[in-house]
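Notes follow once the structure below has been shown.
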Amino acid sequence: MPHSLPSSPKSISRDGRNGITKFTNCRILRGDSLVNEDLWVDSVTGKIIPSQAAFYDDLILPDDVVNLGGRILSPGLIECQLNGAFGFNFSTLLEPAAYAKKIKEVNRQLVTTGVTSYVPTITSQRSEIYKSALPHLGPSGEYQVAEDGAESVGAHVEGPFLSPTKNGCHNVDVLRQAHSFEDLEDCYGADNLRGDDVYHPAAVKMITAAPEIANMSALIPELAQRGIIYSIGHSDATYEEASAAVGAGATMITHLFNAMRPLHHRNPGIFGVLGNAESLPRPWFGIIADGEHLHPTTIKIAFNAHPDGFILVTDAMHLAGLPDGTYAWTNGDCTSAIVKNGPKLILEGSDRIAGSSITLIECVNNFLNWTGASIPQALSAVTSTPAAMLGLQGLKGCLREGADADLVVFSENVDAHGRDELVIDEVWKFGTKVFSR
């Protein structure tokens with residue numbers, strides 16, 4: 001009888017070990033529930049494997065059995081908007097070798113926060129920065145090296161095709177208008193917008209742009225055809241303009257409510273496309289739950305409006321993980337300063353929020369406490385929902401057979417302020433443990 005497990009040229013016994021780990025006595029995230037099940041993973045293929053096929057059909061015993069004592073086993077967290085971390089800003093012009101080294105350092109530290117996959121983000125910058133940095137920020141998990149830490153699933157370019165009236169902390173002097181697709185290629189580099197095939201996609205995974213500016217809305221279908229997500233953001237679009245963008249293929253909204261036309265009872269603006277009265281598909285949307293960008297009740301309203309599209313993001317800057325102080329930031333054609341005071345980041349000399357310094361698990365815990373959402377609902381906002389938005393269903397953000405074995409082990413705790421919280425105990429990447437608290 002043929003074997004039920006996937007084969008791989010790497011599937012060679014190492015010192016008599018098969019690389020298989022069985023997790024038992026755990027609560028596994030399955031949709032809207034935590035289910036008592038075992039889970040088997042293979043560190044050779046980097047995948048979740050069918051336990052019954054392994055045990056009954058192939059007569060395989062795991063190398064290791066991990067008893068989680070009733071703790072939660074979740075897919076690895078997916079971060080969809082990260083501008084930098086641990087002192088490195090992705091919007092930095094460096095020599096290629098130095099830039100690549102910095103990315104490796106970030107990846108190895110980022111995975112300790114529970115993030116196993118992420119979308120590195122470059123803000124509005126000069127063209128030379130995009131062309132220099134983007135080749136380093138494309139999908140990086142092809143070789144499944146667990147020790148490399150978190151993997152990029154493609155870059156996010158947040159700008160420079162934004163509304164000058166909704167620029168936030170982005171330097172208005174480097175904002176541009178797109179009249180043709182060649183304008184996008186001129187800005188980002190044609191090679192960064194073109195993939196060789198499904199196995200070698202473009203470096204750019206997502207573009208945030210204002211659809212009402214110049215001819216941008218007409219360029220959305222070409223981006224979608226190339227597998228690049230168009231996200232509405234930093235925009236003064238009316239409800240009608242936002243609806244037209246969704247009709248053209250926009251599937252995401254960047255940090256909902258922030259840097260966009262506010263909700264009005266006679267014109268709901270971009271928020272209005274989340275309504276289910278229209279025939280258009282409702283887009284996914286990012287929410288920054290740091291206590292600075294949005295009021296907790298606003299977050300609850302957004303979740304209730306479209307829970308299946310709700311994605312928690314940090315919008316974290318390179319100051320994440322650093323002490324309070326004033327730090328330099330490459331902001332288009334100049335260097336600005338960001339003042340860090342706890343989780344709050346402010347552009348020096350203004351009252352403008354300049355991203356955040358929060359971690360994704362902190363966003364999850366805030367969301368849990370502010371909204372009364374269930375643990376499965378909160379974890380879905382950083383696992384299965386972003387995976388669906390990114391087109392990675394069945395590969396990331398789930399614990400199905402054949403998915404990448406990216407896992408986080410959580411225990412439940414009550415902090416010093418009496419708040420319920422999830423605590424990261426372990427992180428596994430491609431079936432190998434890479435962090436333990």
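Lettering and numbering for the structure tokens are positional, with chains as A, B, ... in the shown order, residues counted from 1 in each chain, and ligands counted from 1 in the shown order.
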Item to check | Backbone DSSP call of strand (DSSP E or B) for stretch 178-337 of chain A, listed as an MDAnalysis selection string | outcome: chainID A and resid 197 200 204:209 229:232 235 252:253 260 284:288 310:313 316 325:331 334:337
Next on the checklist: I'd like the neighbourhood of A:Glu182 as a VMD selection string, where a residue qualifies if any of its atoms comes within 12 Å (using only C-alpha atoms), though same-chain residues fewer than 6 positions away should be ignored.
Outcome noted: chain A and resid 188 to 191 193 215 to 216 219 222 to 223
Checklist entry - Residues at most 10 Å from A:Phe257, counting only C-alpha atoms, excluding those fewer than 6 positions away in the same chain, as a PyMOL selection string? => result chain A and resi 233-234+263+269-271+285-288+293-294+298-299+302
Next on the checklist: Just checking: using only C-alpha atoms, which residue out of A:Glu292, A:Glu37, A:Asp173, A:Glu151 ends up closest to A:Asp406?
Outcome noted: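 Ranked by minimum distance to A:Asp406, first place goes to A:Glu151.
Shortest atom-to-atom contact with A:Glu128 among A:Val174, A:Cys363, A:Val409, A:Ala100: A:Val174, counting only C-alpha atoms.
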